[in-house]
$ cat run-v8.txt   # compact mmCIF, C-alpha atoms and all ligand atoms
# COMPACT_ATOMS: atom_id res chain seq x y z
CA MET A 9 0.00 0.00 0.00
CA ARG A 10 1.15 3.57 -0.63
CA ASP A 11 3.55 4.88 2.03
CA CYS A 12 1.61 8.10 2.48
CA PHE A 13 -1.45 6.18 3.55
CA ILE A 14 -0.65 6.31 7.22
CA GLN A 15 1.93 5.60 9.88
CA LYS A 16 0.23 2.99 12.04
CA SER A 17 0.15 3.65 15.77
CA ASP A 18 1.67 1.11 18.15
CA LYS A 19 -0.85 1.85 20.91
CA LYS A 20 -2.69 -1.04 22.54
CA PHE A 21 -6.04 0.73 22.66
CA LEU A 22 -8.07 2.70 20.17
CA LEU A 23 -10.45 5.26 21.63
CA ILE A 24 -13.09 6.94 19.48
CA LYS A 25 -15.07 9.64 21.23
CA HIS A 26 -17.69 12.30 20.60
CA ALA A 27 -18.98 10.75 17.38
CA ALA A 28 -22.01 12.76 16.27
CA GLU A 29 -23.51 9.39 15.32
CA LEU A 30 -21.99 6.03 16.11
CA VAL A 31 -23.91 3.65 13.85
CA THR A 32 -23.49 0.18 15.33
CA CYS A 33 -25.65 -1.98 13.01
CA ALA A 34 -25.80 -4.30 16.03
CA GLY A 35 -28.17 -7.25 16.28
CA PRO A 36 -28.67 -10.67 14.75
CA ALA A 37 -27.20 -11.08 11.27
CA PRO A 38 -28.22 -10.88 8.56
CA LYS A 39 -30.86 -8.23 9.10
CA ALA A 40 -33.89 -9.31 7.10
CA GLY A 41 -36.98 -7.36 6.08
CA ALA A 42 -38.13 -4.78 8.65
CA ALA A 43 -34.99 -5.33 10.77
CA MET A 44 -33.02 -3.62 8.00
CA ALA A 45 -34.46 -0.31 9.29
CA GLU A 46 -32.61 -0.72 12.61
CA MET A 47 -29.14 0.83 12.79
CA GLY A 48 -28.52 1.15 16.55
CA ILE A 49 -27.40 4.79 16.43
CA ILE A 50 -25.64 6.19 19.52
CA THR A 51 -25.36 9.99 19.59
CA ASP A 52 -22.18 11.46 21.12
CA GLY A 53 -20.94 7.92 20.75
CA ALA A 54 -17.68 6.34 21.84
CA LEU A 55 -15.88 3.07 21.22
CA LEU A 56 -12.92 1.39 22.82
CA ALA A 57 -10.87 -1.33 21.17
CA GLN A 58 -7.99 -3.38 22.50
CA ASP A 59 -5.54 -5.23 20.24
CA GLY A 60 -7.83 -4.69 17.27
CA LYS A 61 -11.05 -5.93 18.88
CA ILE A 62 -13.95 -3.86 20.18
CA ILE A 63 -14.22 -4.05 23.97
CA TRP A 64 -16.75 -1.31 24.71
CA VAL A 65 -19.37 0.75 22.81
CA GLY A 66 -21.58 3.47 24.30
CA LYS A 67 -21.99 7.17 25.04
CA THR A 68 -18.88 9.30 25.46
CA ASP A 69 -19.85 10.41 28.98
CA GLU A 70 -20.11 6.75 30.06
CA LEU A 71 -16.66 5.71 28.84
CA PRO A 72 -14.88 3.35 31.26
CA GLU A 73 -11.57 4.39 32.84
CA VAL A 74 -8.65 3.76 30.54
CA ASP A 75 -5.02 4.87 30.58
CA GLN A 76 -5.14 7.47 27.81
CA ALA A 77 -1.37 7.22 27.32
CA GLN A 78 -1.96 3.73 25.95
CA CYS A 79 -4.69 4.91 23.56
CA GLU A 80 -4.71 6.13 20.03
CA ILE A 81 -7.43 8.75 20.45
CA VAL A 82 -9.68 9.77 17.58
CA ASP A 83 -11.95 12.72 18.23
CA ALA A 84 -14.95 12.10 16.00
CA ALA A 85 -16.82 15.32 16.79
CA GLY A 86 -18.97 16.29 13.81
CA ARG A 87 -18.40 12.88 12.24
CA CYS A 88 -20.55 9.83 11.66
CA VAL A 89 -18.79 6.57 12.56
CA LEU A 90 -19.89 3.39 10.80
CA PRO A 91 -18.71 -0.22 10.58
CA GLY A 92 -16.20 -0.66 7.73
CA PHE A 93 -17.97 -1.42 4.46
CA VAL A 94 -18.02 -5.00 3.21
CA ASP A 95 -17.99 -5.18 -0.60
CA SER A 96 -19.39 -8.67 -0.87
CA HIS A 97 -19.23 -9.18 -4.66
CA THR A 98 -16.23 -8.24 -6.82
CA HIS A 99 -14.02 -9.72 -9.52
CA LEU A 100 -10.96 -7.73 -8.55
CA VAL A 101 -8.08 -9.83 -9.93
CA PHE A 102 -7.93 -9.61 -13.70
CA GLY A 103 -5.72 -8.56 -16.59
CA GLY A 104 -6.66 -6.17 -19.40
CA TYR A 105 -9.65 -3.90 -19.97
CA ARG A 106 -12.74 -3.92 -22.20
CA ALA A 107 -13.57 -0.26 -22.80
CA ASP A 108 -14.76 -0.91 -26.39
CA GLU A 109 -17.45 -3.24 -25.15
CA PHE A 110 -19.01 -0.58 -23.00
CA PHE A 111 -19.68 1.47 -26.13
CA TRP A 112 -20.79 -1.54 -28.20
CA ARG A 113 -23.42 -2.15 -25.53
CA LEU A 114 -24.51 1.48 -25.67
CA GLY A 115 -24.85 0.93 -29.40
CA GLY A 116 -27.26 -1.94 -28.74
CA LEU A 117 -25.11 -5.08 -28.68
CA PRO A 118 -26.28 -7.22 -25.73
CA TYR A 119 -23.83 -8.32 -23.01
CA LEU A 120 -24.49 -12.02 -23.59
CA GLU A 121 -24.10 -11.69 -27.37
CA ILE A 122 -20.63 -10.17 -26.96
CA LEU A 123 -19.73 -13.20 -24.85
CA GLU A 124 -21.30 -15.60 -27.36
CA ARG A 125 -19.08 -14.06 -30.07
CA GLY A 126 -15.98 -14.88 -28.01
CA GLY A 127 -15.56 -11.46 -26.37
CA GLY A 128 -16.73 -10.29 -22.95
CA ILE A 129 -15.49 -12.48 -20.12
CA LEU A 130 -13.44 -14.49 -22.64
CA ASN A 131 -11.45 -11.38 -23.55
CA THR A 132 -10.50 -10.93 -19.92
CA VAL A 133 -9.65 -14.63 -19.74
CA LYS A 134 -7.09 -14.15 -22.53
CA ALA A 135 -5.46 -11.19 -20.79
CA THR A 136 -5.53 -12.84 -17.37
CA ARG A 137 -3.96 -16.06 -18.66
CA GLN A 138 -1.12 -13.98 -20.11
CA ALA A 139 -0.52 -12.00 -16.92
CA THR A 140 2.06 -13.14 -14.40
CA LYS A 141 1.21 -13.60 -10.77
CA GLU A 142 3.26 -10.50 -9.91
CA GLU A 143 1.39 -8.41 -12.49
CA LEU A 144 -1.98 -9.56 -11.20
CA LYS A 145 -0.91 -8.92 -7.65
CA ALA A 146 0.27 -5.38 -8.38
CA LEU A 147 -3.06 -4.61 -10.05
CA GLY A 148 -4.96 -6.20 -7.20
CA ARG A 149 -3.04 -4.15 -4.65
CA GLN A 150 -3.80 -0.87 -6.44
CA ARG A 151 -7.47 -1.79 -6.56
CA LEU A 152 -7.56 -2.65 -2.86
CA ASP A 153 -5.90 0.69 -2.06
CA ALA A 154 -8.64 2.48 -3.99
CA MET A 155 -11.38 0.44 -2.30
CA LEU A 156 -9.93 1.14 1.14
CA ALA A 157 -10.08 4.86 0.42
CA MET A 158 -13.84 4.44 -0.02
CA GLY A 159 -14.21 2.79 3.36
CA VAL A 160 -14.08 -0.87 2.33
CA THR A 161 -12.40 -2.99 5.00
CA THR A 162 -13.47 -6.43 3.74
CA VAL A 163 -13.91 -7.44 0.11
CA GLU A 164 -14.95 -10.64 -1.61
CA GLY A 165 -13.02 -11.47 -4.78
CA LYS A 166 -13.73 -14.12 -7.40
CA SER A 167 -11.52 -16.09 -9.72
CA GLY A 168 -13.17 -16.97 -13.04
CA TYR A 169 -10.87 -15.29 -15.54
CA GLY A 170 -8.69 -18.37 -15.94
CA LEU A 171 -11.15 -21.15 -16.78
CA ASP A 172 -8.21 -23.53 -16.58
CA CYS A 173 -6.73 -25.04 -13.46
CA GLU A 174 -3.46 -23.12 -13.53
CA THR A 175 -4.87 -19.61 -13.98
CA GLU A 176 -7.78 -20.12 -11.61
CA LEU A 177 -5.29 -21.16 -8.92
CA ARG A 178 -3.08 -18.19 -9.80
CA GLN A 179 -5.94 -15.75 -9.27
CA LEU A 180 -6.79 -17.40 -5.95
CA ALA A 181 -3.13 -17.37 -4.84
CA VAL A 182 -2.96 -13.65 -5.62
CA MET A 183 -6.01 -13.03 -3.42
CA ASP A 184 -4.54 -15.17 -0.66
CA GLU A 185 -1.30 -13.14 -0.66
CA LEU A 186 -3.11 -9.81 -0.86
CA ASN A 187 -5.27 -10.88 2.07
CA ARG A 188 -2.15 -11.46 4.15
CA GLU A 189 -0.34 -8.29 3.08
CA HIS A 190 -3.01 -5.61 2.62
CA PRO A 191 -5.15 -4.00 5.34
CA VAL A 192 -8.33 -4.93 3.47
CA ASP A 193 -9.45 -8.51 4.20
CA VAL A 194 -10.01 -10.46 0.99
CA VAL A 195 -12.52 -13.34 1.02
CA PRO A 196 -11.70 -15.60 -1.94
CA THR A 197 -14.30 -17.26 -4.15
CA PHE A 198 -13.58 -19.91 -6.77
CA MET A 199 -15.60 -19.18 -9.92
CA GLY A 200 -14.22 -21.52 -12.56
CA ALA A 201 -17.81 -21.75 -13.81
CA HIS A 202 -17.88 -18.15 -15.00
CA ALA A 203 -18.00 -18.93 -18.73
CA ILE A 204 -17.26 -21.82 -21.06
CA PRO A 205 -13.66 -21.59 -22.34
CA PRO A 206 -13.14 -21.71 -26.13
CA ASP A 207 -11.69 -25.24 -26.08
CA TYR A 208 -14.93 -26.53 -24.48
CA LYS A 209 -17.30 -24.55 -26.76
CA GLY A 210 -20.45 -26.63 -27.32
CA ARG A 211 -19.35 -29.10 -24.61
CA THR A 212 -20.54 -27.42 -21.43
CA ASP A 213 -21.27 -30.69 -19.61
CA GLU A 214 -17.70 -31.81 -20.21
CA TYR A 215 -16.42 -28.50 -18.84
CA VAL A 216 -18.62 -29.01 -15.77
CA ASP A 217 -17.06 -32.49 -15.35
CA PHE A 218 -13.59 -30.92 -15.62
CA ILE A 219 -14.45 -28.35 -12.94
CA ILE A 220 -15.87 -31.01 -10.63
CA ASP A 221 -13.25 -33.71 -11.21
CA GLU A 222 -10.07 -31.64 -11.53
CA VAL A 223 -10.28 -28.00 -10.58
CA LEU A 224 -12.48 -28.05 -7.48
CA PRO A 225 -10.41 -30.77 -5.77
CA ALA A 226 -7.21 -28.78 -6.43
CA VAL A 227 -8.79 -25.59 -5.07
CA ALA A 228 -10.04 -27.41 -1.98
CA GLU A 229 -6.70 -29.13 -1.41
CA GLN A 230 -4.81 -25.82 -1.52
CA GLY A 231 -7.36 -24.22 0.80
CA VAL A 232 -7.40 -21.02 -1.25
CA ALA A 233 -11.16 -20.44 -1.54
CA VAL A 234 -13.95 -20.03 0.98
CA PHE A 235 -16.77 -19.91 -1.57
CA CYS A 236 -17.69 -21.42 -4.92
CA ASP A 237 -19.80 -19.34 -7.32
CA VAL A 238 -21.41 -20.14 -10.69
CA PHE A 239 -22.72 -17.87 -13.47
CA CYS A 240 -26.14 -19.51 -13.77
CA GLU A 241 -27.52 -17.90 -16.91
CA LYS A 242 -29.16 -18.72 -20.22
CA GLY A 243 -26.46 -20.03 -22.56
CA ILE A 244 -23.86 -20.23 -19.77
CA PHE A 245 -24.51 -22.73 -16.92
CA SER A 246 -28.01 -24.19 -16.55
CA ILE A 247 -29.80 -24.72 -13.27
CA GLU A 248 -28.85 -28.41 -13.32
CA GLN A 249 -25.19 -27.73 -14.16
CA SER A 250 -25.03 -25.06 -11.45
CA ARG A 251 -26.60 -27.47 -8.94
CA ARG A 252 -24.00 -30.14 -9.80
CA ILE A 253 -21.06 -27.77 -9.36
CA LEU A 254 -22.26 -26.23 -6.11
CA THR A 255 -23.21 -29.60 -4.63
CA ALA A 256 -19.71 -30.91 -5.42
CA ALA A 257 -18.16 -27.73 -3.96
CA LYS A 258 -20.15 -28.06 -0.76
CA ALA A 259 -19.04 -31.67 -0.38
CA LEU A 260 -15.45 -30.37 -0.45
CA GLY A 261 -16.18 -27.81 2.27
CA LEU A 262 -16.72 -24.70 0.16
CA LYS A 263 -19.76 -22.50 0.73
CA ALA A 264 -22.09 -21.62 -2.11
CA LYS A 265 -22.86 -18.38 -3.92
CA LEU A 266 -24.70 -17.94 -7.20
CA HIS A 267 -24.89 -15.36 -10.00
CA ALA A 268 -28.63 -15.75 -10.30
CA ASP A 269 -31.31 -14.42 -12.64
CA GLU A 270 -29.13 -11.58 -13.93
CA ILE A 271 -30.26 -11.32 -17.56
CA VAL A 272 -32.87 -14.10 -17.87
CA SER A 273 -35.19 -15.45 -15.18
CA LEU A 274 -33.99 -19.06 -14.94
CA GLY A 275 -34.86 -19.89 -11.33
CA GLY A 276 -31.44 -19.10 -9.90
CA ALA A 277 -32.91 -17.48 -6.78
CA GLU A 278 -34.87 -20.66 -6.06
CA LEU A 279 -31.74 -22.78 -6.61
CA ALA A 280 -29.67 -20.62 -4.24
CA ALA A 281 -32.38 -20.98 -1.58
CA GLU A 282 -32.64 -24.74 -2.16
CA LEU A 283 -28.87 -25.19 -1.75
CA GLY A 284 -28.68 -22.95 1.32
CA ALA A 285 -26.30 -20.65 -0.52
CA CYS A 286 -24.80 -17.85 1.53
CA SER A 287 -25.91 -15.39 -1.15
CA ALA A 288 -27.77 -15.12 -4.43
CA ASP A 289 -26.38 -12.23 -6.46
CA HIS A 290 -27.71 -9.86 -9.16
CA LEU A 291 -31.39 -11.04 -9.20
CA LEU A 292 -32.49 -8.41 -11.73
CA GLN A 293 -34.94 -10.92 -13.18
CA ALA A 294 -35.78 -12.90 -10.03
CA SER A 295 -39.38 -14.11 -10.16
CA ASP A 296 -41.98 -13.67 -7.41
CA ALA A 297 -41.42 -17.31 -6.48
CA GLY A 298 -37.67 -16.74 -6.38
CA ILE A 299 -38.04 -13.74 -4.11
CA SER A 300 -40.32 -15.57 -1.73
CA ALA A 301 -37.93 -18.55 -1.68
CA LEU A 302 -35.09 -16.22 -0.67
CA GLY A 303 -37.22 -14.64 2.04
CA THR A 304 -37.58 -17.85 3.98
CA SER A 305 -34.15 -19.33 3.26
CA GLY A 306 -31.60 -17.18 5.11
CA THR A 307 -29.77 -16.69 1.80
CA VAL A 308 -28.72 -13.05 1.42
CA ALA A 309 -29.91 -11.31 -1.74
CA THR A 310 -26.88 -9.36 -2.95
CA ILE A 311 -27.96 -6.52 -5.18
CA LEU A 312 -25.50 -4.85 -7.56
CA PRO A 313 -27.17 -1.67 -8.81
CA MET A 314 -24.13 -0.33 -10.68
CA THR A 315 -24.26 -3.37 -12.98
CA ALA A 316 -27.87 -2.69 -13.91
CA PHE A 317 -26.87 0.95 -14.45
CA CYS A 318 -23.91 0.09 -16.71
CA LEU A 319 -25.79 -2.61 -18.63
CA ARG A 320 -28.93 -0.47 -18.81
CA GLU A 321 -30.96 -3.39 -17.51
CA PRO A 322 -33.92 -3.03 -15.14
CA TYR A 323 -32.92 -2.80 -11.46
CA ALA A 324 -33.47 -5.71 -9.08
CA ARG A 325 -36.66 -5.47 -7.00
CA ALA A 326 -34.89 -4.73 -3.72
CA ARG A 327 -37.94 -2.99 -2.24
CA THR A 328 -40.14 -6.05 -2.84
CA MET A 329 -37.44 -8.27 -1.40
CA ILE A 330 -37.10 -6.27 1.81
CA ASP A 331 -40.85 -5.84 2.17
CA SER A 332 -41.27 -9.61 1.88
CA GLY A 333 -38.70 -10.34 4.59
CA THR A 334 -35.49 -10.92 2.64
CA ALA A 335 -32.03 -9.87 3.83
CA VAL A 336 -30.49 -7.60 1.19
CA ALA A 337 -26.81 -6.74 0.80
CA LEU A 338 -25.40 -4.16 -1.62
CA ALA A 339 -22.10 -4.58 -3.42
CA THR A 340 -20.19 -3.10 -6.35
CA ASP A 341 -19.58 -6.09 -8.69
CA TYR A 342 -16.26 -4.43 -9.62
CA ASN A 343 -15.13 -6.15 -12.84
CA PRO A 344 -13.68 -5.12 -16.23
CA GLY A 345 -16.86 -5.84 -18.21
CA SER A 346 -20.31 -5.18 -16.83
CA CYS A 347 -19.26 -2.75 -14.08
CA PHE A 348 -15.81 -1.21 -14.00
CA SER A 349 -16.36 0.68 -10.76
CA HIS A 350 -15.71 0.11 -7.08
CA SER A 351 -17.70 3.19 -6.09
CA ILE A 352 -19.52 2.60 -2.82
CA PRO A 353 -20.96 6.16 -3.08
CA LEU A 354 -22.55 5.37 -6.45
CA VAL A 355 -23.96 2.11 -5.09
CA ALA A 356 -25.53 4.07 -2.22
CA ALA A 357 -26.95 6.73 -4.51
CA LEU A 358 -28.49 4.20 -6.90
CA ALA A 359 -29.87 2.13 -4.03
CA ALA A 360 -31.74 5.18 -2.75
CA THR A 361 -32.92 6.66 -6.03
CA GLN A 362 -33.47 3.55 -8.15
CA LEU A 363 -34.10 0.71 -5.69
CA GLY A 364 -36.18 2.70 -3.20
CA MET A 365 -34.06 1.69 -0.21
CA THR A 366 -33.89 3.93 2.84
CA ALA A 367 -30.60 5.29 4.20
CA ALA A 368 -30.78 2.84 7.12
CA GLU A 369 -31.36 -0.12 4.80
CA ILE A 370 -28.43 0.99 2.66
CA VAL A 371 -26.09 1.22 5.66
CA ASN A 372 -27.07 -2.27 6.86
CA ALA A 373 -26.79 -3.65 3.32
CA LEU A 374 -23.24 -2.32 3.00
CA THR A 375 -22.07 -3.50 6.41
CA ILE A 376 -23.66 -6.29 8.44
CA ASN A 377 -25.55 -7.89 5.55
CA GLY A 378 -22.47 -7.71 3.32
CA ALA A 379 -20.57 -9.43 6.11
CA ALA A 380 -23.26 -12.13 6.29
CA ALA A 381 -23.05 -12.58 2.52
CA VAL A 382 -19.36 -13.50 2.89
CA GLY A 383 -19.87 -15.63 6.00
CA ALA A 384 -18.04 -13.10 8.20
CA ALA A 385 -20.82 -11.52 10.26
CA HIS A 386 -19.47 -13.13 13.44
CA ARG A 387 -16.27 -11.10 12.97
CA VAL A 388 -17.06 -7.87 11.09
CA GLY A 389 -19.97 -5.76 9.81
CA SER A 390 -21.15 -4.19 13.08
CA LEU A 391 -19.70 -2.28 16.02
CA GLU A 392 -20.23 -4.79 18.81
CA VAL A 393 -18.04 -6.07 21.61
CA GLY A 394 -15.84 -8.93 20.40
CA LYS A 395 -15.81 -7.89 16.77
CA GLU A 396 -12.93 -6.46 14.76
CA ALA A 397 -12.50 -2.71 15.19
CA ASP A 398 -13.07 -2.00 11.48
CA LEU A 399 -14.55 1.47 11.16
CA VAL A 400 -15.23 4.29 8.77
CA LEU A 401 -15.44 7.96 9.77
CA LEU A 402 -17.42 10.23 7.46
CA GLU A 403 -16.66 13.92 6.97
CA TYR A 404 -20.24 14.67 7.98
CA PRO A 405 -22.32 14.10 11.12
CA SER A 406 -24.96 11.72 9.78
CA HIS A 407 -25.18 8.46 7.81
CA GLN A 408 -27.73 10.24 5.58
CA PHE A 409 -24.87 12.06 3.86
CA LEU A 410 -23.78 8.77 2.29
CA VAL A 411 -26.78 9.07 0.01
CA TYR A 412 -27.41 12.81 0.09
CA HIS A 413 -23.87 13.74 -1.04
CA ALA A 414 -24.56 11.75 -4.17
CA GLY A 415 -21.68 9.88 -5.71
CA MET A 416 -19.08 11.65 -3.54
CA ASN A 417 -16.47 9.90 -1.45
CA ILE A 418 -17.06 11.45 1.98
CA VAL A 419 -14.88 9.03 3.94
CA SER A 420 -12.48 10.88 6.20
CA LYS A 421 -10.66 8.02 7.99
CA VAL A 422 -10.63 4.24 7.78
CA ILE A 423 -9.68 2.08 10.74
CA LYS A 424 -8.81 -1.58 10.30
CA HIS A 425 -8.23 -3.95 13.20
CA GLY A 426 -8.02 -0.95 15.55
CA LYS A 427 -5.48 1.03 13.51
CA VAL A 428 -6.01 4.09 11.33
CA VAL A 429 -5.00 2.82 7.89
CA TRP A 430 -6.31 5.61 5.68
CA ASP A 431 -6.79 9.32 6.31
CA LYS A 432 -8.09 11.80 3.77
CA THR A 433 -5.83 14.54 5.11
CA CYS A 434 -2.72 12.43 4.58
N1 LIG A 501 -22.24 -11.72 -14.92
C1 LIG A 501 -21.24 -12.34 -14.78
N2 LIG A 501 -20.09 -11.96 -14.22
C2 LIG A 501 -19.73 -10.62 -13.91
C3 LIG A 501 -19.24 -9.87 -15.09
C4 LIG A 501 -17.95 -10.38 -15.55
C5 LIG A 501 -17.41 -9.71 -16.78
O1 LIG A 501 -18.17 -9.23 -17.64
O2 LIG A 501 -16.17 -9.71 -16.87
C6 LIG A 501 -20.83 -9.92 -13.17
O3 LIG A 501 -21.11 -10.33 -12.07
O4 LIG A 501 -21.41 -8.93 -13.66
ZN ZN A 502 -20.14 -11.00 -10.55
$ encode --input "run-v8.txt" --output "structure tokens" --more "lines below"
Ligand SMILES: N=CN[C@@H](CCC(=O)O)C(=O)O
Ligand SMILES: [Zn+2]
Amino acid sequence: MRDCFIQKSDKKFLLIKHAAELVTCAGPAPKAGAAMAEMGIITDGALLAQDGKIIWVGKTDELPEVDQAQCEIVDAAGRCVLPGFVDSHTHLVFGGYRADEFFWRLGGLPYLEILERGGGILNTVKATRQATKEELKALGRQRLDAMLAMGVTTVEGKSGYGLDCETELRQLAVMDELNREHPVDVVPTFMGAHAIPPDYKGRTDEYVDFIIDEVLPAVAEQGVAVFCDVFCEKGIFSIEQSRRILTAAKALGLKAKLHADEIVSLGGAELAAELGACSADHLLQASDAGISALGTSGTVATILPMTAFCLREPYARARTMIDSGTAVALATDYNPGSCFSHSIPLVAALAATQLGMTAAEIVNALTINGAAAVGAAHRVGSLEVGKEADLVLLEYPSHQFLVYHAGMNIVSKVIKHGKVVWDKTC
């Protein structure tokens, strides 16, 4: 990470005091339906952390005695303090770019047709296969730096631009190393079933066999992925093929995620619920039955409004989902094709104006529900005793500014594991 980011303190304690709003997002995770309105705001709030973990949260005038000489003290007067954001759906390790495609799509060429013609994801596969591990890692590090500056303290990242054993493992190894070296935690997802590689064109079932028989066992043996994800879509992987892959992945100890009902309503939401997936993602075309299946399943619906924006597709029905009791997370979908942006502020703005979510729902969707979507809600996503002291300070006194200051990065400081790791004034 860039040297100027911050000189980390060596103090044992972190003390935040006088926060105009300390937004805890406390409570059972994920927050589903009406519970998404609850943020647990403490005015004139304070927080104490020891060795990176939160040990006390409350009002400033009720702070317990602590030796201030041992504390890094952050005066948060006039600031809103939130849990660090969890970007629970990205494809952050890739080579090359696809700017032309963005304009082809504006000219009317559909996303899936570009892929069918051998472009799209397959273009990124070519560039990623050619990139060395060091090149991918340098790119990944720059991207994590930029995400951190927007308040992201945990990010999920997918492979899926290799579509062969060697490159898939290379992408996962890059994420593993970045996770160890960078302040942002990286949760790795194996997504070998992201597209059908050219050498398997017309033989999708054989590619599924290859994934199940050769790649998944290698991924599981190296212990480099927490999740397995599949692009379940018309012309890509069918419901049955997706079920086979995720069932095999679960048998090897990986947890399931699914790119579901993005362009065509195939029943991906229902499949994610049936398999007990941690999350079903995209859901632009999820049916009524799919939404009600999610509502009762505990599977988090991860909505990616910037992708709908960039693809000019209709937005997912987040309002219906929340009103029918579903837990909704928001994420960026950062990738070089359908959404080349890691902008948390744009996600928040679109969620309010296009999805009809309230500011409270947006905050929970970007924090505790994002954490639940990556299986990390026991550790991060809320400001509660025992959790990691991962925090974001805004330049303004209320969480409402996240939406109101549309598309602007208003993060003033980021704290990871009890240390200030990014400061706007630096
Ligand atoms: N839809 C499938 N996968 C990615 C896009 C990947 C790409 O176009 O490179 C997504 O989540 O939007
Ligand atoms: Zn994706």
$ closest_residue --input "run-v8.txt" --among "A:Ile49, A:Phe409, A:Lys16, A:Gly261" --to "Val31 of chain A" --atoms "all atoms listed in the file"
A:Ile49
$ residues_near_ligand --input "run-v8.txt" --ligand "ligand ZN 502 (chain A)" --cutoff "12 Å" --atoms "only C-alpha atoms and all ligand atoms" --output "ChimeraX atom specification"
/A:95-100,129,164-169,197-199,201-203,237-241,265-270,287-291,310-316,339-348
$ closest_residue --input "run-v8.txt" --among "A:Ala337, A:Val422, A:Leu56, A:Leu292" --to "ligand LIG 501 (chain A)" --atoms "all atoms listed in the file"
A:Leu292
$ residues_around --input "run-v8.txt" --residues "Gly159 of chain A" --least-positions-apart "4" --cutoff "6 Å" --atoms "only C-alpha atoms" --output "PDB file with C-alpha atoms, keeping the file's coordinate frame"
ATOM      1  CA  GLY A  92     -16.200  -0.660   7.730  1.00  0.00           C
ATOM      2  CA  PHE A  93     -17.970  -1.420   4.460  1.00  0.00           C
ATOM      3  CA  VAL A 400     -15.230   4.290   8.770  1.00  0.00           C
ATOM      4  CA  VAL A 422     -10.630   4.240   7.780  1.00  0.00           C
TER       5      VAL A 422
END
$ closest_residue --input "run-v8.txt" --among "A:Ala135, A:Ala40, A:Val89, A:Ile81" --to "ligand LIG 501 (chain A)" --atoms "only C-alpha atoms and all ligand atoms"
A:Ala135
$ residues_around --input "run-v8.txt" --residues "Lys61 of chain A" --least-positions-apart "5" --cutoff "12 Å" --atoms "all atoms listed in the file" --output "ChimeraX atom specification"
/A:20-23,55-56,387-388,390-399,423-427
$ atom_distance --input "run-v8.txt" --atom1 "atom CA of Ala181 of chain A" --atom2 "atom CA of Val232 of chain A"
6.7 Å
$ atom_distance --input "run-v8.txt" --atom1 "atom CA of Cys434 of chain A" --atom2 "atom CA of Gly415 of chain A"
21.7 Å
$ residues_around --input "run-v8.txt" --residues "Gly333 of chain A" --least-positions-apart "2" --cutoff "8 Å" --atoms "all atoms listed in the file" --output "tab-separated table (two decimals) with C-alpha atoms, in the coordinates of the input"
chain	number	residue	atom	x	y	z
A	40	ALA	CA	-33.89	-9.31	7.10
A	41	GLY	CA	-36.98	-7.36	6.08
A	42	ALA	CA	-38.13	-4.78	8.65
A	303	GLY	CA	-37.22	-14.64	2.04
A	304	THR	CA	-37.58	-17.85	3.98
A	329	MET	CA	-37.44	-8.27	-1.40
A	330	ILE	CA	-37.10	-6.27	1.81
A	331	ASP	CA	-40.85	-5.84	2.17
A	335	ALA	CA	-32.03	-9.87	3.83
$ axis_aligned_box --input "run-v8.txt" --around "ligand LIG 501 (chain A)" --padding-each-side "5 Å" --output "lines of an AutoDock Vina configuration file"
center_x = -19.2
center_y = -10.6
center_z = -14.9
size_x = 16.1
size_y = 13.4
size_z = 15.6
$ build_atoms --input "run-v8.txt" --residues "segment 245-254 of chain A" --atoms "N, CA and C atoms" --output "mmCIF file, in the coordinates of the input"
data_model
loop_
_atom_site.group_PDB
_atom_site.id
_atom_site.type_symbol
_atom_site.label_atom_id
_atom_site.label_comp_id
_atom_site.auth_asym_id
_atom_site.auth_seq_id
_atom_site.Cartn_x
_atom_site.Cartn_y
_atom_site.Cartn_z
ATOM 1 N N PHE A 245 -24.301 -21.502 -17.686
ATOM 2 C CA PHE A 245 -24.510 -22.730 -16.920
ATOM 3 C C PHE A 245 -25.980 -22.822 -16.527
ATOM 4 N N SER A 246 -26.575 -23.982 -16.830
ATOM 5 C CA SER A 246 -28.010 -24.190 -16.550
ATOM 6 C C SER A 246 -28.213 -24.390 -15.046
ATOM 7 N N ILE A 247 -29.469 -24.434 -14.665
ATOM 8 C CA ILE A 247 -29.800 -24.720 -13.270
ATOM 9 C C ILE A 247 -29.187 -26.059 -12.854
ATOM 10 N N GLU A 248 -29.340 -27.081 -13.692
ATOM 11 C CA GLU A 248 -28.850 -28.410 -13.320
ATOM 12 C C GLU A 248 -27.318 -28.428 -13.236
ATOM 13 N N GLN A 249 -26.671 -27.780 -14.203
ATOM 14 C CA GLN A 249 -25.190 -27.730 -14.160
ATOM 15 C C GLN A 249 -24.709 -26.945 -12.938
ATOM 16 N N SER A 250 -25.407 -25.864 -12.631
ATOM 17 C CA SER A 250 -25.030 -25.060 -11.450
ATOM 18 C C SER A 250 -25.210 -25.890 -10.179
ATOM 19 N N ARG A 251 -26.351 -26.620 -10.127
ATOM 20 C CA ARG A 251 -26.600 -27.470 -8.940
ATOM 21 C C ARG A 251 -25.479 -28.495 -8.770
ATOM 22 N N ARG A 252 -25.067 -29.118 -9.876
ATOM 23 C CA ARG A 252 -24.000 -30.140 -9.800
ATOM 24 C C ARG A 252 -22.701 -29.533 -9.244
ATOM 25 N N ILE A 253 -22.335 -28.381 -9.786
ATOM 26 C CA ILE A 253 -21.060 -27.770 -9.360
ATOM 27 C C ILE A 253 -21.119 -27.370 -7.889
ATOM 28 N N LEU A 254 -22.196 -26.711 -7.502
ATOM 29 C CA LEU A 254 -22.260 -26.230 -6.110
ATOM 30 C C LEU A 254 -22.401 -27.378 -5.117
#
